[in-house]
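Student: So that we are looking at the same thing, I have put the structure below in structure tokens.
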Amino acid sequence: MSHDDHTMPPSTLALRIKAIETLMVEKGKIDPGAVTEIVDIFQNKLGPRIGAGVVARAWSDPAFKARLLEDGTQALKDMGVSGLQGEAMIILENTPQVHNVIVCTLCSCYPWTVLGLPPTWYKSAPYRSRIVIEPRSVLAEFGLDISNDREVRVFDSNAEIRYMVLPERPAGTEGWSEDRLAALVTRDSMIGTGVPLAASAI
Amino acid sequence: MRSIADMGGMQGFGPVDRADDDTRFKAEWEAKTFAVNLLSLAAGCFNIDESRYSMENMPPADYLTTSYFEHWLYSLEDLLISKGVLTEEEYRARIAELTEKEAGHAA
């Protein structure tokens, strides 16, 4: 089909995908029921609580943290966290000197296995275009003021490599259980557009 | 030539709309478009690089005026037909059939 000459029938989006889905099922390319299953996995089973568990474990277990930073893909696999768009994972550690933030300037590559699907703004033109040229301004809009003596590193994800930020552990959480720590870890703190909740928040 | 999808560093798109924080599919067609893409990929109908390349080659004006999952639908149609998994004729015929069926239900 040529998309260039705009010969597509003016069908609704719902009809177009239904036509493709039914033809693909008839041709045996996809199993009936598989569509519902995929949607259920991405909508209900994957999500940032998985990433929060990884972060909490890294905060609690220095040996795990070392493995996670050394080979994120393998350390996650050892925890049973792997799959599509998580085949090559690099974990970026925030420190007092460095704040990391992730983006996919070309589309929406995102660490699905640890965070689920991305929020709409992550896929939007303003975020994709601006975070790489004026990260401090964008982060300020998210309520994050990164001091000038702290380096901001922006990582552009791609089809092969996905990143996740390991945020700094909040003060006053010494001796906390992993579950309690995980409750402080927000989705945005693992994207780099936020920080974890304060200990006093829960 | 630089693709319209290569947005890093472009200017003029305005502020990030943080209020649109939803991660869930906004409509059933979005969910299906996502899932059928993944399943077609898994079935070997195309690979991830072809998928991205197709999306990045969407006509720039269309790319900017359509939603995120419309980009996915565009590349799904483009690849399944250009690779011969579906023919354009059967695709059009199926759309016509479904349109008629829907009109019948509505009547």
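By order in the structure tokens, chains are A, B, ...; within a chain, residues start at 1; ligands start at 1, following the order shown.
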With only C-alpha atoms as the counted atoms, please give the residues lying no more than 12 Å from Val85 of chain B, apart from itself and same-chain residues fewer than 5 positions off, as a PyMOL selection string.
Tutor: (chain A and resi 1+20+23-30) or (chain B and resi 40+43-46+76-80+90-91)
Student: Could you take the residues named above and write them with N, CA and C atoms, as a PDB file, in the first residue's frame?
Tutor:
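Result file part-v5.pdb:
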```
ATOM      1  N   MET A   1       0.842  -1.201   0.000  1.00  0.00           N
ATOM      2  CA  MET A   1       0.000   0.000   0.000  1.00  0.00           C
ATOM      3  C   MET A   1       0.871   1.242   0.000  1.00  0.00           C
ATOM      4  N   ILE A  20      -7.260  -5.649  10.432  1.00  0.00           N
ATOM      5  CA  ILE A  20      -5.936  -6.300  10.500  1.00  0.00           C
ATOM      6  C   ILE A  20      -5.975  -7.486  11.462  1.00  0.00           C
ATOM      7  N   LEU A  23      -7.879 -10.520  10.009  1.00  0.00           N
ATOM      8  CA  LEU A  23      -7.127 -11.157   8.915  1.00  0.00           C
ATOM      9  C   LEU A  23      -5.920 -11.925   9.449  1.00  0.00           C
ATOM     10  N   MET A  24      -5.235 -11.353  10.409  1.00  0.00           N
ATOM     11  CA  MET A  24      -4.052 -12.014  10.972  1.00  0.00           C
ATOM     12  C   MET A  24      -4.424 -13.290  11.723  1.00  0.00           C
ATOM     13  N   VAL A  25      -5.572 -13.269  12.382  1.00  0.00           N
ATOM     14  CA  VAL A  25      -6.032 -14.479  13.068  1.00  0.00           C
ATOM     15  C   VAL A  25      -6.389 -15.550  12.032  1.00  0.00           C
ATOM     16  N   GLU A  26      -7.121 -15.150  10.980  1.00  0.00           N
ATOM     17  CA  GLU A  26      -7.498 -16.114   9.937  1.00  0.00           C
ATOM     18  C   GLU A  26      -6.283 -16.721   9.257  1.00  0.00           C
ATOM     19  N   LYS A  27      -5.247 -15.938   9.099  1.00  0.00           N
ATOM     20  CA  LYS A  27      -4.036 -16.437   8.438  1.00  0.00           C
ATOM     21  C   LYS A  27      -3.157 -17.255   9.383  1.00  0.00           C
ATOM     22  N   GLY A  28      -3.573 -17.351  10.634  1.00  0.00           N
ATOM     23  CA  GLY A  28      -2.808 -18.133  11.593  1.00  0.00           C
ATOM     24  C   GLY A  28      -1.547 -17.432  12.071  1.00  0.00           C
ATOM     25  N   LYS A  29      -1.441 -16.125  11.787  1.00  0.00           N
ATOM     26  CA  LYS A  29      -0.249 -15.398  12.238  1.00  0.00           C
ATOM     27  C   LYS A  29      -0.340 -15.053  13.721  1.00  0.00           C
ATOM     28  N   ILE A  30      -1.544 -14.822  14.188  1.00  0.00           N
ATOM     29  CA  ILE A  30      -1.692 -14.589  15.626  1.00  0.00           C
ATOM     30  C   ILE A  30      -2.837 -15.451  16.173  1.00  0.00           C
TER      31      ILE A  30
ATOM     32  N   SER B  40       2.663  -9.470  15.791  1.00  0.00           N
ATOM     33  CA  SER B  40       3.186  -9.580  14.427  1.00  0.00           C
ATOM     34  C   SER B  40       4.715  -9.631  14.455  1.00  0.00           C
ATOM     35  N   ALA B  43       5.631 -12.992  15.569  1.00  0.00           N
ATOM     36  CA  ALA B  43       5.391 -13.982  14.514  1.00  0.00           C
ATOM     37  C   ALA B  43       6.396 -13.858  13.372  1.00  0.00           C
ATOM     38  N   GLY B  44       7.284 -12.868  13.485  1.00  0.00           N
ATOM     39  CA  GLY B  44       8.326 -12.720  12.472  1.00  0.00           C
ATOM     40  C   GLY B  44       7.868 -12.024  11.200  1.00  0.00           C
ATOM     41  N   CYS B  45       6.735 -11.336  11.263  1.00  0.00           N
ATOM     42  CA  CYS B  45       6.230 -10.629  10.063  1.00  0.00           C
ATOM     43  C   CYS B  45       7.129  -9.445   9.710  1.00  0.00           C
ATOM     44  N   PHE B  46       7.792  -8.899  10.700  1.00  0.00           N
ATOM     45  CA  PHE B  46       8.775  -7.827  10.498  1.00  0.00           C
ATOM     46  C   PHE B  46       9.622  -7.770  11.748  1.00  0.00           C
ATOM     47  N   LEU B  76       2.129  -0.551  11.048  1.00  0.00           N
ATOM     48  CA  LEU B  76       1.604  -1.919  10.963  1.00  0.00           C
ATOM     49  C   LEU B  76       1.010  -2.167   9.577  1.00  0.00           C
ATOM     50  N   GLU B  77       0.185  -1.254   9.096  1.00  0.00           N
ATOM     51  CA  GLU B  77      -0.405  -1.382   7.751  1.00  0.00           C
ATOM     52  C   GLU B  77       0.694  -1.405   6.700  1.00  0.00           C
ATOM     53  N   ASP B  78       1.613  -0.464   6.830  1.00  0.00           N
ATOM     54  CA  ASP B  78       2.693  -0.315   5.859  1.00  0.00           C
ATOM     55  C   ASP B  78       3.503  -1.605   5.749  1.00  0.00           C
ATOM     56  N   LEU B  79       3.888  -2.173   6.889  1.00  0.00           N
ATOM     57  CA  LEU B  79       4.771  -3.342   6.859  1.00  0.00           C
ATOM     58  C   LEU B  79       4.038  -4.620   6.458  1.00  0.00           C
ATOM     59  N   LEU B  80       2.847  -4.830   6.992  1.00  0.00           N
ATOM     60  CA  LEU B  80       2.142  -6.075   6.658  1.00  0.00           C
ATOM     61  C   LEU B  80       1.843  -6.130   5.161  1.00  0.00           C
ATOM     62  N   GLU B  90      -7.334  -7.363   0.042  1.00  0.00           N
ATOM     63  CA  GLU B  90      -8.085  -8.052   1.104  1.00  0.00           C
ATOM     64  C   GLU B  90      -8.272  -7.146   2.320  1.00  0.00           C
ATOM     65  N   TYR B  91      -7.301  -6.277   2.530  1.00  0.00           N
ATOM     66  CA  TYR B  91      -7.414  -5.352   3.651  1.00  0.00           C
ATOM     67  C   TYR B  91      -8.580  -4.382   3.419  1.00  0.00           C
TER      68      TYR B  91
END
```
Student: Find the residues in chain A near chain B: any atom within 7 Å counts, using only C-alpha atoms. Write them as a VMD selection string.
Tutor: chain A and resid 1 13 to 17 19 21 29 to 30 35 38 to 39 43 105 to 107 117 to 121 125 to 130 132 to 133
Student: Quick one: pick out all strand (DSSP E) residues within segment 14-156 of chain A from a backbone DSSP run and write them as a PyMOL selection string.
Tutor: chain A and resi 89-93+98-103+151-156
Student: Let's have the selection written as a PDB file, in the first residue's frame, with N, CA and C atoms.
Tutor:
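Saved file part_11.pdb follows:
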```
ATOM      1  N   MET A  89      19.367  -4.007  29.660  1.00  0.00           N
ATOM      2  CA  MET A  89      19.010  -2.955  30.612  1.00  0.00           C
ATOM      3  C   MET A  89      20.263  -2.372  31.256  1.00  0.00           C
ATOM      4  N   ILE A  90      20.299  -1.059  31.294  1.00  0.00           N
ATOM      5  CA  ILE A  90      21.384  -0.378  31.997  1.00  0.00           C
ATOM      6  C   ILE A  90      20.760   0.463  33.113  1.00  0.00           C
ATOM      7  N   ILE A  91      21.271   0.256  34.344  1.00  0.00           N
ATOM      8  CA  ILE A  91      20.733   0.990  35.481  1.00  0.00           C
ATOM      9  C   ILE A  91      21.667   2.163  35.788  1.00  0.00           C
ATOM     10  N   LEU A  92      21.068   3.340  35.897  1.00  0.00           N
ATOM     11  CA  LEU A  92      21.836   4.579  36.086  1.00  0.00           C
ATOM     12  C   LEU A  92      21.678   5.044  37.527  1.00  0.00           C
ATOM     13  N   GLU A  93      22.784   5.130  38.246  1.00  0.00           N
ATOM     14  CA  GLU A  93      22.708   5.483  39.658  1.00  0.00           C
ATOM     15  C   GLU A  93      22.788   6.993  39.877  1.00  0.00           C
ATOM     16  N   VAL A  98      25.550  13.489  40.458  1.00  0.00           N
ATOM     17  CA  VAL A  98      24.947  13.231  39.148  1.00  0.00           C
ATOM     18  C   VAL A  98      23.461  12.908  39.261  1.00  0.00           C
ATOM     19  N   HIS A  99      22.668  13.579  38.436  1.00  0.00           N
ATOM     20  CA  HIS A  99      21.246  13.225  38.310  1.00  0.00           C
ATOM     21  C   HIS A  99      21.008  12.722  36.885  1.00  0.00           C
ATOM     22  N   ASN A 100      20.398  11.535  36.773  1.00  0.00           N
ATOM     23  CA  ASN A 100      20.140  10.940  35.470  1.00  0.00           C
ATOM     24  C   ASN A 100      18.667  11.043  35.095  1.00  0.00           C
ATOM     25  N   VAL A 101      18.407  11.153  33.806  1.00  0.00           N
ATOM     26  CA  VAL A 101      17.023  11.166  33.323  1.00  0.00           C
ATOM     27  C   VAL A 101      16.981  10.456  31.970  1.00  0.00           C
ATOM     28  N   ILE A 102      15.882   9.755  31.706  1.00  0.00           N
ATOM     29  CA  ILE A 102      15.799   8.992  30.455  1.00  0.00           C
ATOM     30  C   ILE A 102      14.751   9.579  29.515  1.00  0.00           C
ATOM     31  N   VAL A 103      14.938   9.274  28.238  1.00  0.00           N
ATOM     32  CA  VAL A 103      14.026   9.736  27.190  1.00  0.00           C
ATOM     33  C   VAL A 103      14.165   8.749  26.032  1.00  0.00           C
ATOM     34  N   GLU A 151      25.734  17.483  38.067  1.00  0.00           N
ATOM     35  CA  GLU A 151      25.668  17.196  36.637  1.00  0.00           C
ATOM     36  C   GLU A 151      24.332  16.523  36.298  1.00  0.00           C
ATOM     37  N   VAL A 152      23.726  16.916  35.177  1.00  0.00           N
ATOM     38  CA  VAL A 152      22.524  16.229  34.689  1.00  0.00           C
ATOM     39  C   VAL A 152      22.926  15.427  33.464  1.00  0.00           C
ATOM     40  N   ARG A 153      22.629  14.124  33.487  1.00  0.00           N
ATOM     41  CA  ARG A 153      22.932  13.271  32.335  1.00  0.00           C
ATOM     42  C   ARG A 153      21.621  12.759  31.751  1.00  0.00           C
ATOM     43  N   VAL A 154      21.463  12.963  30.463  1.00  0.00           N
ATOM     44  CA  VAL A 154      20.241  12.520  29.780  1.00  0.00           C
ATOM     45  C   VAL A 154      20.594  11.310  28.928  1.00  0.00           C
ATOM     46  N   PHE A 155      19.844  10.222  29.099  1.00  0.00           N
ATOM     47  CA  PHE A 155      20.110   9.008  28.334  1.00  0.00           C
ATOM     48  C   PHE A 155      18.986   8.772  27.329  1.00  0.00           C
ATOM     49  N   ASP A 156      19.370   8.664  26.052  1.00  0.00           N
ATOM     50  CA  ASP A 156      18.407   8.475  24.972  1.00  0.00           C
ATOM     51  C   ASP A 156      18.291   6.968  24.695  1.00  0.00           C
TER      52      ASP A 156
END
```
Student: Quick check for you: according to DSSP on this backbone, which residues of segment 4-196 of chain A are classed as alpha helix (DSSP H)? Reply as a VMD selection string.
Tutor: chain A and resid 13 to 26 34 to 40 48 to 60 62 to 70 72 to 78 112 to 115 125 to 130 135 to 141 178 to 182 187 to 191
Student: Residues near Ala88 of chain A, anyone? I mean within 10 Å using only C-alpha atoms, not counting same-chain ones fewer than 2 positions away, as a PDB file with N, CA and C atoms, in the first residue's frame.
Tutor:
```
ATOM      1  N   ASP A  71      25.780  -5.263  35.635  1.00  0.00           N
ATOM      2  CA  ASP A  71      25.090  -5.929  34.523  1.00  0.00           C
ATOM      3  C   ASP A  71      23.599  -5.959  34.846  1.00  0.00           C
ATOM      4  N   GLY A  72      22.935  -4.875  34.502  1.00  0.00           N
ATOM      5  CA  GLY A  72      21.520  -4.714  34.842  1.00  0.00           C
ATOM      6  C   GLY A  72      20.653  -5.827  34.292  1.00  0.00           C
ATOM      7  N   THR A  73      20.903  -6.204  33.056  1.00  0.00           N
ATOM      8  CA  THR A  73      20.084  -7.228  32.412  1.00  0.00           C
ATOM      9  C   THR A  73      20.121  -8.533  33.216  1.00  0.00           C
ATOM     10  N   GLN A  74      21.353  -8.950  33.574  1.00  0.00           N
ATOM     11  CA  GLN A  74      21.507 -10.223  34.283  1.00  0.00           C
ATOM     12  C   GLN A  74      20.952 -10.147  35.704  1.00  0.00           C
ATOM     13  N   SER A  82      12.423 -10.010  33.308  1.00  0.00           N
ATOM     14  CA  SER A  82      13.013  -9.958  31.973  1.00  0.00           C
ATOM     15  C   SER A  82      11.895  -9.989  30.954  1.00  0.00           C
ATOM     16  N   GLY A  83      12.237  -9.860  29.707  1.00  0.00           N
ATOM     17  CA  GLY A  83      11.230  -9.907  28.650  1.00  0.00           C
ATOM     18  C   GLY A  83      11.398  -8.808  27.643  1.00  0.00           C
ATOM     19  N   LEU A  84      10.370  -8.651  26.824  1.00  0.00           N
ATOM     20  CA  LEU A  84      10.388  -7.706  25.719  1.00  0.00           C
ATOM     21  C   LEU A  84      10.715  -6.293  26.204  1.00  0.00           C
ATOM     22  N   GLN A  85      11.579  -5.627  25.484  1.00  0.00           N
ATOM     23  CA  GLN A  85      12.046  -4.277  25.809  1.00  0.00           C
ATOM     24  C   GLN A  85      12.774  -4.262  27.160  1.00  0.00           C
ATOM     25  N   GLY A  86      13.304  -5.406  27.555  1.00  0.00           N
ATOM     26  CA  GLY A  86      14.120  -5.434  28.759  1.00  0.00           C
ATOM     27  C   GLY A  86      15.321  -6.321  28.476  1.00  0.00           C
ATOM     28  N   ILE A  90      20.299  -1.059  31.294  1.00  0.00           N
ATOM     29  CA  ILE A  90      21.384  -0.378  31.997  1.00  0.00           C
ATOM     30  C   ILE A  90      20.760   0.463  33.113  1.00  0.00           C
ATOM     31  N   PRO A 111      11.655   1.159  29.543  1.00  0.00           N
ATOM     32  CA  PRO A 111      11.921  -0.158  30.151  1.00  0.00           C
ATOM     33  C   PRO A 111      10.631  -0.829  30.621  1.00  0.00           C
ATOM     34  N   ALA A 159      16.114   1.023  20.465  1.00  0.00           N
ATOM     35  CA  ALA A 159      15.439  -0.268  20.313  1.00  0.00           C
ATOM     36  C   ALA A 159      16.196  -1.385  21.035  1.00  0.00           C
ATOM     37  N   GLU A 160      17.490  -1.205  21.248  1.00  0.00           N
ATOM     38  CA  GLU A 160      18.269  -2.285  21.853  1.00  0.00           C
ATOM     39  C   GLU A 160      18.532  -2.078  23.346  1.00  0.00           C
ATOM     40  N   ILE A 161      18.737  -0.828  23.743  1.00  0.00           N
ATOM     41  CA  ILE A 161      19.129  -0.585  25.138  1.00  0.00           C
ATOM     42  C   ILE A 161      18.087   0.263  25.854  1.00  0.00           C
ATOM     43  N   ARG A 162      17.684  -0.221  27.027  1.00  0.00           N
ATOM     44  CA  ARG A 162      16.733   0.520  27.852  1.00  0.00           C
ATOM     45  C   ARG A 162      17.416   0.895  29.153  1.00  0.00           C
ATOM     46  N   TYR A 163      17.045   2.054  29.671  1.00  0.00           N
ATOM     47  CA  TYR A 163      17.640   2.533  30.920  1.00  0.00           C
ATOM     48  C   TYR A 163      16.587   2.653  32.004  1.00  0.00           C
TER      49      TYR A 163
END
```
Student: For segment 52-69 of chain A, please output as a list of chain:residue names all residues within 6 Å (counting only C-alpha atoms; exclusion window: fewer than 6 positions along the same chain).
Tutor: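 Skipping anything fewer than 6 positions along the chain leaves A:Ala75, A:Ile91, A:Glu178, A:Leu181, A:Ala182, A:Val185.
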Student: Can you tell me how far atom CA of Met79 of chain A sits from atom CA of Asp31 of chain A, in Å to one decimal?
Tutor: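 Those two atoms sit 29.5 Å apart.
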